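J.: Next comes the structure file structure39.txt, holding compact mmCIF, C-alpha atoms.
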```
# COMPACT_ATOMS: atom_id res chain seq x y z
CA MET A 195 -10.06 -62.94 9.24
CA LYS A 196 -8.30 -60.44 7.02
CA ASN A 197 -9.59 -59.81 3.52
CA HIS A 198 -6.99 -61.09 1.06
CA LEU A 199 -9.20 -60.84 -2.02
CA ALA A 200 -7.65 -58.77 -4.78
CA SER A 201 -9.55 -55.57 -5.40
CA VAL A 202 -9.75 -53.91 -8.78
CA ASP A 203 -9.84 -50.35 -10.01
CA VAL A 204 -13.31 -49.63 -11.48
CA ASN A 205 -11.66 -48.00 -14.50
CA SER A 206 -10.06 -51.34 -15.42
CA LEU A 207 -13.38 -53.20 -15.61
CA SER A 208 -14.66 -54.19 -19.06
CA LYS A 209 -18.06 -52.98 -20.24
CA ARG A 210 -19.47 -56.49 -19.74
CA ASP A 211 -18.12 -56.74 -16.17
CA THR A 212 -19.53 -53.31 -15.37
CA THR A 213 -22.96 -54.25 -16.77
CA VAL A 214 -23.05 -57.56 -14.86
CA SER A 215 -22.04 -55.76 -11.65
CA ILE A 216 -24.76 -53.14 -12.11
CA MET A 217 -27.35 -55.90 -12.68
CA ILE A 218 -26.34 -57.72 -9.48
CA ILE A 219 -26.47 -54.49 -7.47
CA ALA A 220 -29.90 -53.80 -9.01
CA VAL A 221 -31.12 -57.11 -7.55
CA LEU A 222 -29.79 -56.00 -4.16
CA PHE A 223 -31.68 -52.71 -4.39
CA PHE A 224 -34.87 -54.64 -5.20
CA ILE A 225 -34.37 -56.63 -1.98
CA PHE A 226 -33.66 -53.40 -0.04
CA GLY A 227 -36.94 -51.97 -1.29
CA PHE A 228 -39.03 -55.02 -0.57
CA VAL A 229 -37.81 -55.32 3.03
CA SER A 230 -37.89 -51.56 3.73
CA TRP A 231 -41.21 -50.47 2.25
CA ILE A 232 -43.16 -53.36 3.74
CA ASN A 233 -43.11 -51.15 6.87
CA ALA A 234 -45.87 -49.06 5.25
CA ILE A 235 -48.34 -51.89 5.87
CA LEU A 236 -46.69 -53.14 9.09
CA ILE A 237 -47.39 -49.81 10.86
CA PRO A 238 -51.23 -49.93 10.62
CA TYR A 239 -51.14 -53.74 10.98
CA PHE A 240 -49.23 -53.63 14.28
CA LYS A 241 -51.31 -50.63 15.40
CA ILE A 242 -54.41 -52.83 15.25
CA ALA A 243 -52.93 -56.18 16.30
CA CYS A 244 -50.84 -54.81 19.20
CA GLU A 245 -53.30 -52.02 20.14
CA LEU A 246 -50.92 -49.07 19.77
CA THR A 247 -51.10 -45.25 19.62
CA ASN A 248 -49.85 -43.36 16.53
CA PHE A 249 -46.55 -42.63 18.28
CA GLN A 250 -46.06 -46.27 19.33
CA SER A 251 -46.86 -47.56 15.85
CA TYR A 252 -44.11 -45.39 14.33
CA LEU A 253 -41.58 -47.17 16.54
CA VAL A 254 -41.65 -49.66 13.62
CA THR A 255 -39.67 -47.20 11.51
CA PHE A 256 -37.61 -46.10 14.53
CA ALA A 257 -36.46 -49.65 15.37
CA PHE A 258 -35.79 -50.48 11.71
CA TYR A 259 -33.82 -47.36 10.79
CA ILE A 260 -32.05 -46.46 14.04
CA SER A 261 -29.92 -49.51 13.27
CA TYR A 262 -28.37 -47.46 10.43
CA PHE A 263 -27.06 -44.99 13.01
CA VAL A 264 -25.69 -47.81 15.19
CA MET A 265 -24.28 -50.00 12.42
CA SER A 266 -23.10 -47.67 9.65
CA VAL A 267 -19.55 -46.95 10.90
CA PRO A 268 -18.99 -50.57 12.11
CA SER A 269 -20.19 -51.62 8.64
CA SER A 270 -17.39 -49.65 6.95
CA PHE A 271 -14.77 -51.42 9.09
CA LEU A 272 -16.44 -54.79 8.47
CA LEU A 273 -16.28 -54.20 4.70
CA LYS A 274 -12.64 -53.14 4.98
CA GLU A 275 -11.86 -56.33 6.91
CA PHE A 276 -13.86 -58.85 4.86
CA GLY A 277 -14.31 -57.11 1.51
CA PHE A 278 -17.52 -56.17 -0.25
CA LYS A 279 -18.74 -59.68 -1.13
CA ARG A 280 -18.19 -61.40 2.21
CA GLY A 281 -19.48 -58.28 3.96
CA MET A 282 -22.69 -58.31 1.91
CA MET A 283 -23.14 -62.03 2.67
CA LEU A 284 -22.97 -61.23 6.40
CA GLY A 285 -25.48 -58.42 5.82
CA PHE A 286 -27.97 -60.82 4.21
CA TRP A 287 -27.49 -63.36 7.00
CA THR A 288 -28.09 -60.70 9.65
CA MET A 289 -31.33 -59.77 7.86
CA ALA A 290 -32.34 -63.45 7.81
CA ILE A 291 -31.96 -63.62 11.61
CA GLY A 292 -34.18 -60.54 11.91
CA ALA A 293 -36.89 -62.15 9.78
CA PHE A 294 -36.80 -65.35 11.88
CA ILE A 295 -37.23 -63.28 15.09
CA PHE A 296 -40.74 -62.46 13.85
CA VAL A 297 -41.76 -66.07 14.57
CA PRO A 298 -41.47 -66.00 18.40
CA ALA A 299 -42.73 -62.39 18.37
CA ALA A 300 -45.93 -63.49 16.59
CA PHE A 301 -46.49 -66.50 18.87
CA THR A 302 -46.38 -64.25 21.94
CA ARG A 303 -47.86 -61.10 20.31
CA THR A 304 -45.05 -59.10 21.89
CA TYR A 305 -44.45 -55.78 20.14
CA GLU A 306 -41.00 -55.35 21.74
CA ILE A 307 -39.76 -58.62 20.17
CA PHE A 308 -41.05 -57.47 16.78
CA LEU A 309 -39.03 -54.27 17.27
CA ILE A 310 -35.90 -56.35 17.99
CA GLY A 311 -36.52 -58.26 14.76
CA LEU A 312 -36.94 -55.01 12.84
CA PHE A 313 -33.73 -53.62 14.36
CA THR A 314 -31.85 -56.77 13.29
CA LEU A 315 -33.29 -56.56 9.76
CA GLY A 316 -32.21 -52.92 9.59
CA SER A 317 -28.70 -53.78 10.85
CA GLY A 318 -28.19 -56.23 8.01
CA LEU A 319 -29.56 -53.71 5.55
CA ALA A 320 -27.15 -51.06 6.88
CA ILE A 321 -24.22 -53.34 5.98
CA LEU A 322 -25.62 -53.90 2.49
CA GLN A 323 -26.36 -50.21 1.90
CA THR A 324 -22.88 -49.19 3.07
CA ALA A 325 -21.47 -51.49 0.39
CA ALA A 326 -23.94 -50.95 -2.45
CA ASN A 327 -24.30 -47.15 -2.54
CA PRO A 328 -20.61 -46.23 -3.00
CA TYR A 329 -20.30 -49.26 -5.31
CA ILE A 330 -22.91 -47.96 -7.73
CA THR A 331 -21.68 -44.34 -7.33
CA VAL A 332 -18.12 -45.12 -8.51
CA LEU A 333 -19.06 -47.85 -11.03
CA GLY A 334 -18.89 -45.67 -14.14
CA ALA A 335 -18.66 -42.03 -15.19
CA LYS A 336 -19.12 -39.54 -12.33
CA GLU A 337 -21.48 -37.30 -14.32
CA ARG A 338 -23.82 -40.27 -14.86
CA ALA A 339 -23.88 -41.37 -11.20
CA ALA A 340 -27.38 -39.92 -10.65
CA GLN A 341 -28.56 -41.83 -13.71
CA ARG A 342 -27.24 -45.14 -12.33
CA ILE A 343 -28.68 -44.41 -8.89
CA SER A 344 -32.03 -43.66 -10.57
CA ILE A 345 -31.98 -47.13 -12.15
CA MET A 346 -31.31 -48.59 -8.70
CA GLY A 347 -34.15 -46.45 -7.36
CA ILE A 348 -36.57 -47.97 -9.88
CA CYS A 349 -35.63 -51.43 -8.59
CA ASN A 350 -35.99 -50.24 -4.98
CA LYS A 351 -39.32 -48.47 -5.40
CA GLY A 352 -40.68 -51.13 -7.79
CA ALA A 353 -40.21 -53.60 -4.96
CA GLY A 354 -41.80 -51.03 -2.66
CA ILE A 355 -44.93 -50.98 -4.82
CA LEU A 356 -45.18 -54.77 -4.68
CA ALA A 357 -44.24 -55.27 -1.01
CA PRO A 358 -47.33 -53.82 0.77
CA LEU A 359 -49.68 -55.30 -1.84
CA ILE A 360 -48.16 -58.79 -1.59
CA PHE A 361 -47.93 -58.61 2.19
CA ALA A 362 -51.54 -57.41 2.45
CA ALA A 363 -52.69 -60.20 0.09
CA VAL A 364 -50.92 -62.79 2.27
CA ILE A 365 -51.96 -61.61 5.74
CA LEU A 366 -55.29 -59.79 5.22
CA LYS A 367 -58.63 -61.41 4.44
CA ALA A 368 -61.68 -59.94 2.72
CA THR A 369 -63.60 -60.26 6.00
CA ASP A 370 -61.02 -58.27 8.03
CA GLY A 371 -62.82 -54.98 7.46
CA GLU A 372 -65.75 -56.33 9.44
CA LEU A 373 -63.40 -57.77 12.08
CA PHE A 374 -61.72 -54.39 12.64
CA LYS A 375 -65.15 -52.77 13.20
CA GLN A 376 -66.15 -55.45 15.72
CA LEU A 377 -62.93 -55.37 17.81
CA PRO A 378 -64.01 -52.45 20.07
CA THR A 379 -67.26 -54.28 20.98
CA MET A 380 -65.59 -57.62 21.88
CA ASP A 381 -64.83 -58.66 25.44
CA ASP A 382 -61.17 -59.13 26.46
CA VAL A 383 -61.06 -62.88 25.78
CA GLN A 384 -62.63 -62.61 22.31
CA ARG A 385 -60.45 -59.64 21.35
CA ASP A 386 -57.23 -61.36 22.48
CA ALA A 387 -58.12 -64.50 20.51
CA ALA A 388 -58.92 -62.44 17.37
CA LEU A 389 -55.72 -60.38 17.65
CA ASP A 390 -53.58 -63.50 18.31
CA GLU A 391 -54.94 -65.06 15.12
CA LEU A 392 -54.33 -61.82 13.21
CA ILE A 393 -50.71 -61.37 14.28
CA ARG A 394 -49.73 -65.03 13.71
CA ARG A 395 -50.39 -64.63 10.01
CA VAL A 396 -46.87 -63.14 9.68
CA ILE A 397 -45.15 -66.40 10.72
CA VAL A 398 -45.16 -68.17 7.34
CA PRO A 399 -44.25 -65.16 5.14
CA TYR A 400 -41.37 -64.04 7.39
CA SER A 401 -40.05 -67.59 7.68
CA CYS A 402 -39.94 -67.70 3.87
CA VAL A 403 -38.28 -64.24 3.74
CA GLY A 404 -35.60 -65.43 6.19
CA ALA A 405 -34.82 -68.49 4.08
CA VAL A 406 -34.61 -66.41 0.88
CA LEU A 407 -32.29 -63.85 2.54
CA PHE A 408 -29.96 -66.61 3.73
CA GLY A 409 -29.80 -67.99 0.17
CA LEU A 410 -29.12 -64.53 -1.28
CA GLY A 411 -26.13 -64.20 1.04
CA LEU A 412 -24.60 -67.31 -0.49
CA PHE A 413 -25.47 -66.07 -4.01
CA VAL A 414 -23.66 -62.73 -3.53
CA ARG A 415 -20.64 -64.40 -1.92
CA TYR A 416 -20.08 -66.63 -4.96
CA SER A 417 -21.34 -64.20 -7.63
CA PRO A 418 -19.03 -62.63 -10.28
CA LEU A 419 -19.30 -59.27 -8.50
CA PRO A 420 -15.75 -57.83 -8.40
CA GLU A 421 -14.04 -56.43 -5.31
CA ILE A 422 -13.64 -52.76 -6.24
CA ASN A 423 -10.88 -50.50 -4.99
CA THR A 424 -12.35 -47.36 -3.37
CA GLU A 425 -9.08 -46.47 -1.62
CA LYS A 426 -7.17 -45.42 -4.74
CA GLU A 427 -6.96 -41.68 -5.37
CA SER A 428 -6.08 -39.77 -8.50
CA GLU A 429 -3.10 -37.43 -8.20
CA GLU A 430 -5.44 -34.44 -8.17
CA VAL A 431 -7.63 -35.87 -5.38
CA ALA A 432 -4.59 -37.07 -3.38
CA LEU A 433 -3.10 -33.57 -3.54
CA ALA A 434 -6.39 -31.96 -2.48
CA ASN A 435 -6.71 -34.42 0.43
CA SER A 436 -3.05 -34.30 1.51
CA ASP A 437 -3.88 -32.23 4.62
CA LYS A 438 -6.99 -34.25 5.50
CA THR A 439 -6.77 -36.46 8.59
CA SER A 440 -10.47 -36.74 9.48
CA ILE A 441 -13.72 -37.36 7.65
CA PHE A 442 -15.12 -34.27 9.41
CA GLN A 443 -12.81 -32.08 7.33
CA PHE A 444 -15.18 -32.53 4.36
CA PRO A 445 -18.07 -30.07 5.01
CA HIS A 446 -19.92 -31.04 1.82
CA LEU A 447 -20.03 -34.64 3.09
CA ILE A 448 -21.27 -33.80 6.60
CA LEU A 449 -23.88 -31.38 5.22
CA GLY A 450 -24.81 -34.08 2.70
CA ALA A 451 -25.32 -36.62 5.51
CA ILE A 452 -27.68 -34.15 7.22
CA ALA A 453 -29.48 -33.75 3.88
CA ILE A 454 -29.84 -37.54 3.61
CA PHE A 455 -31.13 -37.62 7.22
CA LEU A 456 -33.90 -35.16 6.37
CA HIS A 457 -34.61 -36.53 2.89
CA VAL A 458 -35.19 -40.12 3.98
CA GLY A 459 -37.36 -38.85 6.84
CA THR A 460 -39.58 -36.97 4.38
CA GLN A 461 -39.69 -39.99 2.08
CA VAL A 462 -40.80 -42.36 4.84
CA ILE A 463 -43.43 -39.89 6.06
CA ALA A 464 -44.84 -39.60 2.52
CA ILE A 465 -45.13 -43.39 2.19
CA ASP A 466 -45.63 -44.78 5.70
CA THR A 467 -48.16 -42.22 6.98
CA ILE A 468 -50.47 -42.14 3.98
CA ILE A 469 -52.50 -45.22 5.00
CA GLY A 470 -53.20 -43.65 8.40
CA TYR A 471 -54.05 -40.32 6.75
CA ALA A 472 -56.47 -42.11 4.43
CA GLY A 473 -58.02 -43.74 7.52
CA SER A 474 -58.80 -40.27 8.90
CA MET A 475 -60.98 -39.83 5.78
CA ASN A 476 -62.90 -43.04 6.65
CA ILE A 477 -61.05 -45.09 4.02
CA GLN A 478 -60.65 -48.65 5.34
CA LEU A 479 -57.27 -50.43 5.43
CA LEU A 480 -58.22 -52.85 2.64
CA GLU A 481 -58.76 -49.85 0.33
CA ALA A 482 -56.05 -47.59 1.77
CA LYS A 483 -53.30 -50.21 1.28
CA VAL A 484 -52.82 -49.04 -2.35
CA PHE A 485 -51.88 -45.42 -1.49
CA PRO A 486 -48.20 -46.17 -0.73
CA SER A 487 -48.02 -47.80 -4.16
CA TYR A 488 -49.34 -44.62 -5.80
CA THR A 489 -46.61 -42.60 -4.08
CA LEU A 490 -43.91 -45.07 -5.09
CA PHE A 491 -45.23 -45.19 -8.66
CA LEU A 492 -44.70 -41.43 -8.98
CA THR A 493 -41.22 -41.88 -7.52
CA ILE A 494 -40.47 -44.36 -10.30
CA CYS A 495 -41.83 -41.85 -12.86
CA GLY A 496 -39.34 -39.33 -11.46
CA TYR A 497 -36.51 -41.85 -11.78
CA LEU A 498 -37.43 -42.50 -15.42
CA LEU A 499 -37.39 -38.76 -16.09
CA GLY A 500 -33.96 -38.62 -14.48
CA ILE A 501 -32.62 -41.46 -16.62
CA ILE A 502 -33.88 -39.77 -19.78
CA THR A 503 -32.87 -36.19 -18.98
CA ILE A 504 -29.67 -36.47 -16.84
CA PRO A 505 -27.13 -35.26 -17.93
CA ARG A 506 -28.28 -34.63 -21.50
CA PHE A 507 -30.97 -32.01 -20.79
CA VAL A 508 -30.55 -31.19 -17.11
CA SER A 509 -27.63 -31.50 -14.72
CA GLN A 510 -27.69 -33.62 -11.54
CA VAL A 511 -27.59 -30.45 -9.45
CA ASN A 512 -30.50 -28.75 -11.22
CA ALA A 513 -32.61 -31.91 -10.96
CA LEU A 514 -31.94 -31.89 -7.20
CA ARG A 515 -32.95 -28.21 -6.96
CA ILE A 516 -36.21 -28.77 -8.86
CA CYS A 517 -37.19 -31.75 -6.68
CA THR A 518 -36.47 -30.01 -3.37
CA LEU A 519 -38.51 -26.96 -4.43
CA LEU A 520 -41.41 -29.21 -5.47
CA GLY A 521 -41.30 -30.90 -2.07
CA THR A 522 -41.62 -27.51 -0.34
CA ILE A 523 -44.59 -26.53 -2.52
CA PHE A 524 -46.41 -29.87 -2.13
CA THR A 525 -45.99 -29.75 1.66
CA LEU A 526 -47.78 -26.38 1.82
CA ALA A 527 -50.48 -27.76 -0.50
CA ILE A 528 -51.09 -30.74 1.85
CA ILE A 529 -51.70 -28.38 4.77
CA TYR A 530 -53.68 -25.62 3.07
CA THR A 531 -55.86 -27.45 0.51
CA GLU A 532 -59.12 -29.19 1.36
CA GLY A 533 -62.26 -30.53 -0.28
CA ASN A 534 -63.39 -34.00 -1.28
CA ILE A 535 -62.74 -35.31 -4.78
CA ASN A 536 -63.26 -38.70 -6.38
CA PHE A 537 -60.11 -39.85 -8.17
CA LEU A 538 -58.99 -43.35 -9.18
CA GLY A 539 -62.08 -44.70 -7.45
CA HIS A 540 -61.23 -43.12 -4.08
CA ASP A 541 -63.47 -40.54 -2.44
CA ALA A 542 -60.91 -38.57 -0.39
CA ASP A 543 -59.74 -35.08 0.57
CA ILE A 544 -57.64 -33.51 -2.19
CA SER A 545 -54.72 -33.05 0.21
CA ILE A 546 -53.96 -36.78 0.18
CA TRP A 547 -53.03 -36.52 -3.50
CA PHE A 548 -50.35 -33.95 -2.64
CA VAL A 549 -48.93 -36.54 -0.23
CA VAL A 550 -48.87 -38.90 -3.20
CA LEU A 551 -47.12 -36.21 -5.30
CA LEU A 552 -44.32 -36.09 -2.73
CA GLY A 553 -43.22 -39.33 -4.38
CA LEU A 554 -42.34 -37.34 -7.49
CA ALA A 555 -40.64 -34.59 -5.48
CA ASN A 556 -38.52 -37.11 -3.57
CA SER A 557 -37.50 -39.14 -6.61
CA LEU A 558 -34.16 -37.55 -7.58
CA VAL A 559 -33.10 -36.14 -4.20
CA TRP A 560 -31.19 -39.26 -3.07
CA ALA A 561 -29.57 -39.63 -6.50
CA GLY A 562 -28.61 -35.96 -6.47
CA ILE A 563 -27.10 -35.86 -2.98
CA TRP A 564 -24.86 -38.98 -3.08
CA PRO A 565 -22.46 -38.02 -5.91
CA LEU A 566 -22.21 -34.44 -4.60
CA ALA A 567 -21.44 -35.59 -1.05
CA LEU A 568 -18.88 -38.28 -2.05
CA ASP A 569 -17.13 -36.07 -4.60
CA GLY A 570 -13.36 -35.88 -4.00
CA LEU A 571 -13.27 -38.13 -0.90
CA GLY A 572 -10.70 -40.55 -2.36
CA ARG A 573 -9.37 -42.87 0.38
CA PHE A 574 -12.11 -41.57 2.70
CA THR A 575 -14.86 -42.94 0.41
CA LYS A 576 -15.82 -46.02 2.48
CA LEU A 577 -15.94 -44.07 5.73
CA GLY A 578 -17.75 -41.22 3.97
CA ALA A 579 -20.33 -43.68 2.68
CA SER A 580 -20.85 -45.00 6.22
CA ILE A 581 -21.45 -41.43 7.45
CA MET A 582 -24.03 -41.02 4.69
CA ILE A 583 -25.68 -44.32 5.64
CA MET A 584 -25.73 -43.09 9.25
CA GLY A 585 -27.97 -40.30 7.92
CA LEU A 586 -30.57 -42.96 7.16
CA CYS A 587 -31.51 -42.90 10.84
CA GLY A 588 -33.65 -39.94 9.72
CA ASN A 589 -36.09 -42.68 8.74
CA ALA A 590 -36.24 -43.57 12.44
CA ILE A 591 -36.42 -40.12 14.01
CA VAL A 592 -38.36 -37.79 11.69
CA PRO A 593 -41.51 -40.03 11.55
CA LEU A 594 -41.60 -40.04 15.38
CA PHE A 595 -42.01 -36.26 15.28
CA TYR A 596 -44.86 -36.78 12.82
CA GLY A 597 -46.44 -39.40 15.12
CA TYR A 598 -46.17 -37.11 18.15
CA PHE A 599 -47.66 -34.11 16.32
CA ALA A 600 -50.38 -36.37 14.83
CA ASP A 601 -51.48 -37.36 18.35
CA GLU A 602 -51.31 -33.74 19.56
CA PHE A 603 -52.61 -31.69 16.61
CA GLY A 604 -54.08 -34.12 14.08
CA LEU A 605 -52.74 -36.06 11.10
CA LYS A 606 -52.99 -33.19 8.61
CA GLN A 607 -51.25 -30.54 10.71
CA ALA A 608 -48.49 -33.02 11.53
CA TYR A 609 -47.27 -32.69 7.92
CA TRP A 610 -45.75 -29.33 8.97
CA VAL A 611 -42.74 -31.42 10.06
CA LEU A 612 -41.85 -31.75 6.37
CA PHE A 613 -41.49 -28.01 5.73
CA PRO A 614 -38.15 -27.28 7.49
CA CYS A 615 -36.76 -30.53 6.06
CA TYR A 616 -37.37 -29.40 2.48
CA LEU A 617 -36.03 -25.91 3.21
CA TYR A 618 -32.71 -27.43 4.30
CA LEU A 619 -32.65 -29.66 1.20
CA VAL A 620 -33.09 -26.56 -0.97
CA PHE A 621 -30.13 -24.98 0.86
CA TYR A 622 -27.91 -28.02 0.22
CA ALA A 623 -28.91 -28.16 -3.46
CA VAL A 624 -28.13 -24.47 -3.96
CA LYS A 625 -25.14 -23.84 -1.68
CA GLY A 626 -24.33 -26.59 0.82
CA PHE A 627 -22.62 -29.00 -1.59
CA LYS A 628 -20.16 -26.26 -2.63
CA ILE A 629 -18.75 -25.73 0.87
CA ARG A 630 -15.31 -27.39 1.04
CA ARG A 631 -13.91 -25.72 4.16
CA TRP A 632 -15.55 -24.90 7.48
CA SER A 633 -15.65 -21.20 8.25
CA ILE A 634 -17.33 -19.13 10.95
```
Would you mind writing the file out in structure tokens?
T.:
Amino acid sequence: MKNHLASVDVNSLSKRDTTVSIMIIAVLFFIFGFVSWINAILIPYFKIACELTNFQSYLVTFAFYISYFVMSVPSSFLLKEFGFKRGMMLGFWTMAIGAFIFVPAAFTRTYEIFLIGLFTLGSGLAILQTAANPYITVLGAKERAAQRISIMGICNKGAGILAPLIFAAVILKATDGELFKQLPTMDDVQRDAALDELIRRVIVPYSCVGAVLFGLGLFVRYSPLPEINTEKESEEVALANSDKTSIFQFPHLILGAIAIFLHVGTQVIAIDTIIGYAGSMNIQLLEAKVFPSYTLFLTICGYLLGIITIPRFVSQVNALRICTLLGTIFTLAIIYTEGNINFLGHDADISIWFVVLLGLANSLVWAGIWPLALDGLGRFTKLGASIMIMGLCGNAIVPLFYGYFADEFGLKQAYWVLFPCYLYLVFYAVKGFKIRRWSI
């Protein structure tokens, strides 16, 4: 079915149409955040219920985010064929199927089926992200793109704060702390019965999530969201791209996709590993569940700073440079600082608070990279966006390195995996985005 819907040039949209479009996309980013950051609680939950190692538990993020690598380029062709609105509807429906797969997975307590469900959820999200990120990047003045992406980030991370808390409130009981202590002393029959009961608590919430996602697909399809034209090029851009025949002829895009790969990996490590790291300090899951929310709260603080200061007081590029340098510094602080402190009612090693501070360091990196990487792509914008979305498989791969090193060297030393990631991000912020031709 060919897309015959008329697309519009973003410059022709009225202020009201632009505002309505931004609000609808903001709702989408809230959904992205809720579905994505719930993994922070799923990892320790599955680790207990399915009796997994650290490495195996991080297959949650691998299954969810490797779908971005598989689906990103097909997503760009799907959007070209069906248009943004029908494409996003299909994305929501794919996510709904993934949520419903959790039902048979829970009945059989089969980790592999859960991973299939997570992969399907991620595939739908890849379609939505491929549409939404270039949409919000081009929907307004280029120099304010980071500001708009920061607003979307607040919606995304706000949902991320709520997701693990709501999920934990639904599936965890006040008596579970005692249950987790008793599991090692139970015989096989008792333990299997207890773990079956524990894992089946996901059936009702994920059935509800699936139904909501299906409804959201219909909402987007019939919403006033316009079909935007990302193929049109200005004369200046068309002239600059006249000799371009391949997306790989844009070094700043390819280097930007690598930057996204590493950035999202560092972001997921900061959020999805912190509950396990708190557990190494003898902080129980029912208490540790709030730590991802602390990290995401600081990310939102960073977004608010970006909205206030970009571009009036600081440029998008300088904000990116500051954040990548902070990430490098905080990583070294995680590894080299130690000593117990009592803060916000938690008695924990000081290093965990530098993991929390990574939320601030990561806040404006995504918003800084996207406009720099998509700059001047013109008719290559959709495909360029899909390459950038492909970089999101860093969420799948980088945490596996952390999980492996955590099993081999300990949870604290495993944070060394962040250091080379931030060094590359500093390089892209200082020099990488300026490279427009490959040279040896």
J.: Quick one: of A:Cys244, A:Leu412, A:Ala363, A:Ala387, who's nearest to A:Phe286, counting all atoms listed in the file?
T.: A:Leu412
J.: Extract, using all atoms listed in the file, all DNA, RNA and protein residues at most 12 Å from A:Met584, discarding same-chain residues fewer than 4 positions from it, and format them as JSON, numbers by chain.
T.: {"A": [259, 260, 261, 262, 263, 264, 265, 266, 267, 268, 269, 270, 316, 317, 319, 320, 321, 323, 324, 447, 448, 450, 451, 452, 453, 454, 455, 456, 458, 577, 578, 579, 580, 588, 589, 590]}
J.: Within 9 Å of (-39.7, -51.3, -3.6) in the file's own coordinates, which protein, DNA or RNA residues have an atom, counting all atoms listed in the file? List them as a ChimeraX atom specification.
T.: /A:223-232,347-357,490
J.: Mind giving me the straight-line distance from atom CA of A:Ala290 to atom CA of A:Asp466 in Å, one decimal?
T.: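 We find that atom CA of A:Ala290 and atom CA of A:Asp466 lie 23.0 Å from each other.
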J.: Which is closest to A:His457 among A:Leu312, A:Ala300, A:Ala561, A:Ile343, if we use all atoms listed in the file?
T.: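 Distance minimum relative to A:His457 lands on A:Ala561.
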J.: I'd like the neighbourhood of stretch 403-411 of chain A as JSON, numbers by chain, where a residue qualifies if any of its atoms comes within 10 Å (using only C-alpha atoms), though same-chain residues fewer than 4 positions away should be ignored.
T.: {"A": [221, 222, 225, 229, 279, 280, 281, 282, 283, 284, 285, 286, 287, 288, 289, 290, 291, 292, 293, 294, 295, 296, 315, 398, 399, 415, 416, 417]}
J.: I'd like the neighbourhood of A:Asp569 as a list in words, where a residue qualifies if any of its atoms comes within 9 Å (using all atoms listed in the file), though same-chain residues fewer than 3 positions away should be ignored.
T.: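 In the requested format, the answer is Lys336, His446, Leu447, Trp564, Pro565, Leu566, Gly572 and Thr575 of chain A.
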J.: For A:Leu554, work out the shell of residues within 9 Å, counting all atoms listed in the file and skipping chain neighbours fewer than 3 positions away, then give it as a list in words.
T.: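 Final neighbour list, sorted by chain and number: Thr489, Leu490, Phe491, Leu492, Thr493, Ile494, Cys495, Gly496, Tyr497, Cys517, Leu520, Gly521, Val550, Leu551, Ser557 and Leu558 of chain A.
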J.: Grab the atom CA of A:Thr255 to atom CA of A:Leu498 distance for me, in Å with one decimal place.
T.: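 Rounded to one decimal, the two atoms are 27.4 Å apart.
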J.: Find, counting all atoms listed in the file, the residue in A:Leu552, A:Leu246, A:Met582, A:Leu499 that gets nearest to A:Thr460.
T.: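 For A:Thr460, the nearest of the given residues is A:Leu552.
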J.: So what do you get for atom CA of A:Leu538 versus atom CA of A:Ser487, distance-wise?
T.: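 Between atom CA of A:Leu538 and atom CA of A:Ser487 the gap works out to 12.9 Å.
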J.: Quick one: of A:Asp543, A:Tyr598, A:Ala482, A:Gly553, who's nearest to A:Tyr530, counting only C-alpha atoms?
T.: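 Closest residue, counting only C-alpha atoms: A:Asp543.
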J.: Hey, could you patch up stretch 386-395 of chain A with N, CA and C atoms and hand it over as a short mmCIF file (atom, residue, chain, number, x, y, z; two decimals), in the frame of the given file?
T.:
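Result saved to out-v2.cif:
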```
data_model
loop_
_atom_site.label_atom_id
_atom_site.label_comp_id
_atom_site.auth_asym_id
_atom_site.auth_seq_id
_atom_site.Cartn_x
_atom_site.Cartn_y
_atom_site.Cartn_z
N ASP A 386 -58.57 -60.77 22.44
CA ASP A 386 -57.23 -61.36 22.48
C ASP A 386 -57.11 -62.52 21.50
N ALA A 387 -58.14 -63.35 21.44
CA ALA A 387 -58.12 -64.50 20.51
C ALA A 387 -58.08 -64.02 19.06
N ALA A 388 -58.88 -62.98 18.74
CA ALA A 388 -58.92 -62.44 17.37
C ALA A 388 -57.58 -61.81 17.00
N LEU A 389 -56.99 -61.05 17.94
CA LEU A 389 -55.72 -60.38 17.65
C LEU A 389 -54.56 -61.38 17.58
N ASP A 390 -54.60 -62.44 18.39
CA ASP A 390 -53.58 -63.50 18.31
C ASP A 390 -53.61 -64.15 16.93
N GLU A 391 -54.81 -64.43 16.45
CA GLU A 391 -54.94 -65.06 15.12
C GLU A 391 -54.44 -64.11 14.03
N LEU A 392 -54.74 -62.82 14.20
CA LEU A 392 -54.33 -61.82 13.21
C LEU A 392 -52.81 -61.71 13.13
N ILE A 393 -52.15 -61.61 14.28
CA ILE A 393 -50.71 -61.37 14.28
C ILE A 393 -49.93 -62.61 13.84
N ARG A 394 -50.46 -63.80 14.07
CA ARG A 394 -49.73 -65.03 13.71
C ARG A 394 -49.71 -65.29 12.21
N ARG A 395 -50.43 -64.48 11.47
CA ARG A 395 -50.39 -64.63 10.01
C ARG A 395 -49.03 -64.23 9.43
#
```
